[in-house]
Amino acid sequence: MAKQKITLAVTGLNNTDNPGPGVPVIRGVKDSEEFDVRVVGLVYENLEPGIYMEGLCDRIFQVPYPSAGSEELIERIEHIHQQEKIDVLIPNFDSELFSFMKYEKRLAEKGIRTFLPTLKQFQEREKDKLPEYGKKYGVKVPNGLNLGNLSQLNEIEKRFDYPIMVKGQFYDAYKSFNIEQATQAFHKIASKWGLPVIVQEFVSGTEVNVVALGDGNGNTVAAVPMRKQYITDKGKAWGGITIADEKMLELTRSLIQKTKWKGGMELELIKTNAGDYYLVEINPRIPAWVYLAVGAGQNIPEALIKLALGMEVKPMTDYKIGKMFVRYSYDMIVDLERFATISINKEI
Amino acid sequence: MQISEEIKISDNGFVFNSRTGESFSLNPMGLEMIKMIAIDNGFDEIRESILEKYDVDELAFEKDFYEFLAMLKHHQLTQQGNPLDFV
């Protein structure tokens with residue numbers, strides 16, 4: 001059967017030590033037996049490694065940060081669309097999702113399909129609302145406190161035992177063992193990601209994650225659980241293994257069913273020694289380790305494209321247990337010309 | 001005591017818990033014992049087999065064996081129906 005030709009636009013080509021999901025998403029899509037994909041890479045910075053990876057993207061365009069204004073970002077996408085005729089767009093950063101959700105309809109009218117959570121789904125799982133989320137959907141979550149200013153730091157010692165986790169709204173998390181460390185973490189995070197800064201009870205246990213895809217009607221189209229085997233100092237999985245944990249899958253299916261989650265997601269969980277699961281975060285997008293799911297038998301990026309195109313997708317329930325991913329770093333030698341072109345022309 | 005269903009034991013001594021993702025390495029003696037436990041051998045059968053094959057006294061075997069069982073239990077490699085059943 002001939003493969004269906006599509007043009008896919010993807011962000012998150014920053015394959016650094018805190019990698020974006022763009023490159024693994026593209027790898028997954030290139031493995032597809034149903035789509036012949038032309039890839040348009042959308043980058044914010046001119047040193048995102050995906051720009052320089054041979055055979056990854058057919059075109060590259062630099063786009064303005066969402067912080068410069070959603071309107072500007074969308075106008076740039078529309079301008080790129082005039083040249084490239086984008087069929088599907090997969091945004092891969094938490095911080096840009098709001099803009100794409102807000103303009104989902106406008107993009108769709110132009111022929112750019114997305115498959116994103118609704119604004120309600122996106123907002124209710126935000127880190128500063130996690131306690132309410134846990135209560136509403138019957139999931140254990142760590143106790144939390146939102147700090148709107150520095151004076152609230154005094155509250156910490158009244159409500160928590162150390163250590164605690166101090167987290168930003170979008171990224172960054174620091175384990176703090178005393179008020180001095182917590183104050184330092186507060187300043188670091190507030191200056192980078194703004195307020196509130198979130199304080200969470202530290203739950204001791206094993207870090208396990210699930211990558212999943214919801215169809216927006218309450219059905220889980222794909223779900224693969226993974227245990228982090230090697231964790232970087234930024235808390236990112238540098239190695240992981242698929243596991244046969246039915247409780248994690250049940251929790252995922254239940255959350256997707258109750259919330260009618262639409263799109264890719266990652267559940268970050270802590271499994272305690274007592275066997276309890278605490279939900280510490282929901283990332284409203286495909287995570288950077290998604291290629292492990294592809295390797296284990298569930299091509300989540302391909303399924304997401306199908307859903308975006310309105311195609312029928314049968315739920316995938318099988319995956320290979322004990323499949324591992326091991327990340328590595330690799331020095332690419334590139335010509336100055338490519339760097340100069342993206343820097344000056346904002347496209348390649 | 002039984003080895004949990006999700007535990008996969010390789011002939012080279014690599015033990016993988018498919019539910020938790022943890023893995024362990026056993027030396028040849030550990031491998032021999034876990035294999036015997038896995039096929040439902042009782043304490044007496046395992047003791048007899050080990051004492052016959054290796055130069056070890058009964059007391060030393062018993063001490064090491066129960067230490068090994070405690071380790072298996074600690075790493076959640078076993079399931080125990082009756083808590084009074086040691087093997």
# chains A, B, ... in the order shown; residues from 1 in each chain; ligands from 1
call {"tool": "residues_around", "arguments": {"residues": "Thr252 in chain A", "least_positions_apart": "4", "cutoff": "8 Å", "atoms": "only C-alpha atoms", "output": "PyMOL selection string"}}
result
chain A and resi 210+212+223+248+256+267
call {"tool": "select_by_dssp", "arguments": {"residues": "chain B", "states": "strand (DSSP E or B)", "output": "list of chain:residue names"}}
result
B:Gln2, B:Ile3, B:Ile7, B:Lys8, B:Ile9, B:Phe14, B:Val15, B:Phe16, B:Asn17, B:Ser23, B:Phe24, B:Ser25, B:Thr78, B:Gln79
call {"tool": "closest_atom_pairs", "arguments": {"of": "chain B", "to": "chain A", "cutoff": "12 Å", "atoms": "only C-alpha atoms", "output": "Markdown table"}}
result
| residue | atom | partner | partner_atom | distance |
| --- | --- | --- | --- | --- |
| B:Glu5 | CA | A:Ala244 | CA | 11.4 |
| B:Glu6 | CA | A:Ala244 | CA | 8.2 |
| B:Ile7 | CA | A:Ala244 | CA | 10.8 |
| B:Lys8 | CA | A:Gly322 | CA | 10.2 |
| B:Val15 | CA | A:Gly322 | CA | 11.6 |
| B:Phe16 | CA | A:Gly322 | CA | 8.3 |
| B:Asn17 | CA | A:Ile243 | CA | 8.3 |
| B:Ser18 | CA | A:Ile243 | CA | 5.2 |
| B:Arg19 | CA | A:Ala244 | CA | 4.5 |
| B:Thr20 | CA | A:Ile243 | CA | 6.2 |
| B:Gly21 | CA | A:Ile243 | CA | 5.4 |
| B:Glu22 | CA | A:Arg227 | CA | 8.5 |
| B:Ser23 | CA | A:Gly322 | CA | 10.1 |
| B:His74 | CA | A:Asn273 | CA | 10.4 |
| B:His75 | CA | A:Asn273 | CA | 10.3 |
| B:Gln76 | CA | A:Asn273 | CA | 10.0 |
call {"tool": "write_last_selection", "arguments": {"atoms": "N, CA, C and O atoms", "output": "PDB file, in the first residue's frame"}}
result
ATOM      1  N   GLU B   5       5.718 -14.272  39.729  1.00  0.00           N
ATOM      2  CA  GLU B   5       5.485 -14.595  38.314  1.00  0.00           C
ATOM      3  C   GLU B   5       6.250 -13.665  37.355  1.00  0.00           C
ATOM      4  O   GLU B   5       6.733 -14.074  36.311  1.00  0.00           O
ATOM      5  N   GLU B   6       6.364 -12.389  37.775  1.00  0.00           N
ATOM      6  CA  GLU B   6       6.962 -11.407  36.862  1.00  0.00           C
ATOM      7  C   GLU B   6       8.496 -11.429  36.871  1.00  0.00           C
ATOM      8  O   GLU B   6       9.127 -10.639  36.184  1.00  0.00           O
ATOM      9  N   ILE B   7       9.081 -12.331  37.656  1.00  0.00           N
ATOM     10  CA  ILE B   7      10.547 -12.391  37.727  1.00  0.00           C
ATOM     11  C   ILE B   7      11.082 -13.297  36.614  1.00  0.00           C
ATOM     12  O   ILE B   7      10.669 -14.449  36.487  1.00  0.00           O
ATOM     13  N   LYS B   8      11.983 -12.745  35.814  1.00  0.00           N
ATOM     14  CA  LYS B   8      12.586 -13.521  34.736  1.00  0.00           C
ATOM     15  C   LYS B   8      14.035 -13.832  35.127  1.00  0.00           C
ATOM     16  O   LYS B   8      14.791 -12.907  35.477  1.00  0.00           O
ATOM     17  N   VAL B  15      18.740 -11.392  36.722  1.00  0.00           N
ATOM     18  CA  VAL B  15      17.355 -11.513  37.192  1.00  0.00           C
ATOM     19  C   VAL B  15      16.647 -10.189  36.955  1.00  0.00           C
ATOM     20  O   VAL B  15      17.159  -9.129  37.350  1.00  0.00           O
ATOM     21  N   PHE B  16      15.499 -10.240  36.296  1.00  0.00           N
ATOM     22  CA  PHE B  16      14.778  -9.020  35.923  1.00  0.00           C
ATOM     23  C   PHE B  16      13.355  -9.056  36.466  1.00  0.00           C
ATOM     24  O   PHE B  16      12.631 -10.030  36.277  1.00  0.00           O
ATOM     25  N   ASN B  17      12.994  -8.002  37.194  1.00  0.00           N
ATOM     26  CA  ASN B  17      11.622  -7.875  37.685  1.00  0.00           C
ATOM     27  C   ASN B  17      10.855  -7.012  36.685  1.00  0.00           C
ATOM     28  O   ASN B  17      11.063  -5.800  36.607  1.00  0.00           O
ATOM     29  N   SER B  18       9.987  -7.644  35.897  1.00  0.00           N
ATOM     30  CA  SER B  18       9.325  -6.919  34.805  1.00  0.00           C
ATOM     31  C   SER B  18       8.266  -5.945  35.312  1.00  0.00           C
ATOM     32  O   SER B  18       7.826  -5.073  34.581  1.00  0.00           O
ATOM     33  N   ARG B  19       7.879  -6.076  36.587  1.00  0.00           N
ATOM     34  CA  ARG B  19       6.877  -5.152  37.123  1.00  0.00           C
ATOM     35  C   ARG B  19       7.527  -3.843  37.604  1.00  0.00           C
ATOM     36  O   ARG B  19       6.989  -2.767  37.421  1.00  0.00           O
ATOM     37  N   THR B  20       8.708  -3.979  38.218  1.00  0.00           N
ATOM     38  CA  THR B  20       9.350  -2.775  38.757  1.00  0.00           C
ATOM     39  C   THR B  20      10.475  -2.263  37.864  1.00  0.00           C
ATOM     40  O   THR B  20      10.926  -1.135  38.023  1.00  0.00           O
ATOM     41  N   GLY B  21      10.972  -3.090  36.950  1.00  0.00           N
ATOM     42  CA  GLY B  21      12.083  -2.696  36.092  1.00  0.00           C
ATOM     43  C   GLY B  21      13.444  -2.890  36.744  1.00  0.00           C
ATOM     44  O   GLY B  21      14.472  -2.566  36.162  1.00  0.00           O
ATOM     45  N   GLU B  22      13.457  -3.418  37.974  1.00  0.00           N
ATOM     46  CA  GLU B  22      14.746  -3.624  38.653  1.00  0.00           C
ATOM     47  C   GLU B  22      15.429  -4.875  38.112  1.00  0.00           C
ATOM     48  O   GLU B  22      14.762  -5.839  37.727  1.00  0.00           O
ATOM     49  N   SER B  23      16.760  -4.839  38.147  1.00  0.00           N
ATOM     50  CA  SER B  23      17.491  -6.035  37.735  1.00  0.00           C
ATOM     51  C   SER B  23      18.620  -6.324  38.718  1.00  0.00           C
ATOM     52  O   SER B  23      19.103  -5.422  39.409  1.00  0.00           O
ATOM     53  N   HIS B  74      13.348  -8.919  50.419  1.00  0.00           N
ATOM     54  CA  HIS B  74      13.592  -7.482  50.500  1.00  0.00           C
ATOM     55  C   HIS B  74      13.467  -6.823  49.118  1.00  0.00           C
ATOM     56  O   HIS B  74      12.936  -5.719  48.991  1.00  0.00           O
ATOM     57  N   HIS B  75      13.948  -7.510  48.112  1.00  0.00           N
ATOM     58  CA  HIS B  75      13.894  -6.941  46.752  1.00  0.00           C
ATOM     59  C   HIS B  75      12.600  -7.304  46.017  1.00  0.00           C
ATOM     60  O   HIS B  75      12.505  -7.122  44.804  1.00  0.00           O
ATOM     61  N   GLN B  76      11.648  -7.804  46.752  1.00  0.00           N
ATOM     62  CA  GLN B  76      10.310  -8.121  46.218  1.00  0.00           C
ATOM     63  C   GLN B  76      10.367  -9.092  45.037  1.00  0.00           C
ATOM     64  O   GLN B  76       9.659  -8.941  44.048  1.00  0.00           O
TER      65      GLN B  76
END
call {"tool": "select_by_dssp", "arguments": {"residues": "range 36-158 of chain A", "states": "alpha helix (DSSP H)", "output": "ChimeraX atom specification"}}
result
/A:70-84,94-102,104-109,119-124,130-137,154-158
call {"tool": "write_last_selection", "arguments": {"atoms": "C-alpha atoms", "output": "compact mmCIF listing (two decimals), in the first residue's frame"}}
result
# COMPACT_ATOMS: atom_id res chain seq x y z
CA SER A 70 0.96 34.36 20.71
CA GLU A 71 -0.24 36.39 17.75
CA GLU A 72 3.30 36.81 16.42
CA LEU A 73 4.00 33.10 16.76
CA ILE A 74 0.81 32.12 14.95
CA GLU A 75 1.38 34.67 12.18
CA ARG A 76 4.84 33.22 11.64
CA ILE A 77 3.36 29.70 11.44
CA GLU A 78 0.78 30.93 8.93
CA HIS A 79 3.53 32.52 6.88
CA ILE A 80 5.47 29.22 6.87
CA HIS A 81 2.26 27.40 5.97
CA GLN A 82 1.91 29.49 2.80
CA GLN A 83 5.20 28.00 1.59
CA GLU A 84 5.08 24.54 3.08
CA ASP A 94 4.63 23.21 27.66
CA SER A 95 5.27 26.94 27.37
CA GLU A 96 4.00 27.19 23.77
CA LEU A 97 0.93 24.97 24.16
CA PHE A 98 -1.30 27.77 25.41
CA SER A 99 -0.73 29.76 22.21
CA PHE A 100 -1.46 26.76 19.97
CA MET A 101 -4.56 25.81 21.96
CA LYS A 102 -5.83 29.37 21.84
CA GLU A 104 -6.31 25.89 17.34
CA LYS A 105 -9.42 26.81 15.39
CA ARG A 106 -7.70 29.52 13.37
CA LEU A 107 -4.94 27.09 12.41
CA ALA A 108 -7.47 24.38 11.55
CA GLU A 109 -9.34 26.79 9.25
CA LEU A 119 -7.75 24.68 27.73
CA LYS A 120 -9.64 23.25 30.73
CA GLN A 121 -7.70 19.99 30.62
CA PHE A 122 -4.44 21.93 30.28
CA GLN A 123 -5.14 24.33 33.12
CA GLU A 124 -6.58 21.98 35.72
CA LEU A 130 -2.26 19.52 41.65
CA PRO A 131 -3.82 19.03 45.14
CA GLU A 132 -7.28 19.93 43.77
CA TYR A 133 -6.66 17.71 40.75
CA GLY A 134 -5.76 14.76 42.96
CA LYS A 135 -8.90 15.22 45.02
CA LYS A 136 -11.17 15.62 42.00
CA TYR A 137 -9.90 12.54 40.16
CA ASN A 154 7.84 30.89 56.49
CA GLU A 155 4.80 28.73 55.84
CA ILE A 156 7.03 25.88 54.68
CA GLU A 157 8.28 24.90 58.12
CA LYS A 158 4.78 24.96 59.55
call {"tool": "atom_distance", "arguments": {"atom1": "CA of Met165 in chain A", "atom2": "CA of Val139 in chain A"}}
result
19.1 Å
call {"tool": "residues_around", "arguments": {"residues": "Asn299 in chain A", "least_positions_apart": "5", "cutoff": "7 Å", "atoms": "only C-alpha atoms", "output": "VMD selection string"}}
result
chain A and resid 28 293 to 294
call {"tool": "residues_around", "arguments": {"residues": "Glu58 in chain B", "least_positions_apart": "4", "cutoff": "8 Å", "atoms": "only C-alpha atoms", "output": "ChimeraX atom specification"}}
result
/B:47,51,62
call {"tool": "decode", "arguments": {"residues": "range 39-50 of chain A", "atoms": "all heavy atoms", "output": "compact mmCIF listing (two decimals), in the first residue's frame"}}
result
# COMPACT_ATOMS: atom_id res chain seq x y z
N VAL A 39 9.21 16.73 6.81
CA VAL A 39 9.27 17.34 8.14
C VAL A 39 9.73 18.79 8.07
O VAL A 39 10.76 19.11 7.49
CB VAL A 39 10.22 16.54 9.07
CG1 VAL A 39 10.30 17.19 10.45
CG2 VAL A 39 9.75 15.09 9.20
N VAL A 40 8.92 19.65 8.70
CA VAL A 40 9.28 21.06 8.84
C VAL A 40 9.63 21.27 10.32
O VAL A 40 8.77 21.14 11.19
CB VAL A 40 8.09 21.97 8.43
CG1 VAL A 40 8.43 23.44 8.70
CG2 VAL A 40 7.73 21.75 6.97
N GLY A 41 10.89 21.55 10.58
CA GLY A 41 11.32 21.79 11.96
C GLY A 41 11.13 23.25 12.32
O GLY A 41 11.49 24.14 11.55
N LEU A 42 10.51 23.48 13.48
CA LEU A 42 10.31 24.86 13.96
C LEU A 42 11.20 25.05 15.18
O LEU A 42 11.09 24.29 16.14
CB LEU A 42 8.84 25.08 14.33
CG LEU A 42 7.81 24.78 13.23
CD1 LEU A 42 6.39 24.91 13.79
CD2 LEU A 42 7.99 25.71 12.03
N VAL A 43 12.10 26.03 15.11
CA VAL A 43 13.06 26.20 16.22
C VAL A 43 12.98 27.62 16.78
O VAL A 43 12.60 28.56 16.09
CB VAL A 43 14.50 25.90 15.74
CG1 VAL A 43 14.63 24.46 15.27
CG2 VAL A 43 14.96 26.87 14.65
N TYR A 44 13.32 27.71 18.05
CA TYR A 44 13.36 29.02 18.70
C TYR A 44 14.79 29.57 18.71
O TYR A 44 15.00 30.76 18.66
CB TYR A 44 12.83 28.92 20.13
CG TYR A 44 11.34 28.61 20.17
CD1 TYR A 44 10.88 27.33 20.44
CD2 TYR A 44 10.41 29.61 19.91
CE1 TYR A 44 9.52 27.05 20.46
CE2 TYR A 44 9.05 29.34 19.93
CZ TYR A 44 8.60 28.06 20.20
OH TYR A 44 7.25 27.79 20.21
N GLU A 45 15.76 28.66 18.80
CA GLU A 45 17.16 29.06 18.91
C GLU A 45 17.95 28.51 17.72
O GLU A 45 17.63 27.42 17.22
CB GLU A 45 17.77 28.48 20.19
CG GLU A 45 17.14 28.99 21.48
CD GLU A 45 17.55 30.42 21.83
OE1 GLU A 45 18.56 30.90 21.27
OE2 GLU A 45 16.84 31.05 22.63
N ASN A 46 19.00 29.25 17.34
CA ASN A 46 19.76 28.80 16.17
C ASN A 46 20.80 27.71 16.48
O ASN A 46 21.52 27.28 15.60
CB ASN A 46 20.41 29.99 15.46
CG ASN A 46 21.25 30.84 16.39
OD1 ASN A 46 21.54 30.41 17.51
ND2 ASN A 46 21.63 32.03 15.96
N LEU A 47 20.85 27.26 17.74
CA LEU A 47 21.76 26.16 18.05
C LEU A 47 21.01 24.91 18.52
O LEU A 47 21.59 24.05 19.17
CB LEU A 47 22.79 26.59 19.10
CG LEU A 47 24.03 27.28 18.53
CD1 LEU A 47 24.91 27.82 19.65
CD2 LEU A 47 24.84 26.34 17.64
N GLU A 48 19.74 24.83 18.23
CA GLU A 48 19.02 23.60 18.57
C GLU A 48 19.60 22.46 17.72
O GLU A 48 19.63 22.56 16.48
CB GLU A 48 17.51 23.76 18.33
CG GLU A 48 16.87 24.74 19.31
CD GLU A 48 15.36 24.81 19.22
OE1 GLU A 48 14.72 23.82 18.81
OE2 GLU A 48 14.81 25.88 19.56
N PRO A 49 20.10 21.41 18.36
CA PRO A 49 20.80 20.35 17.62
C PRO A 49 20.03 19.76 16.44
O PRO A 49 20.63 19.39 15.43
CB PRO A 49 21.07 19.30 18.69
CG PRO A 49 21.15 20.08 19.95
CD PRO A 49 20.14 21.17 19.81
N GLY A 50 18.70 19.72 16.54
CA GLY A 50 17.90 19.14 15.46
C GLY A 50 18.11 19.84 14.13
O GLY A 50 17.90 19.25 13.05
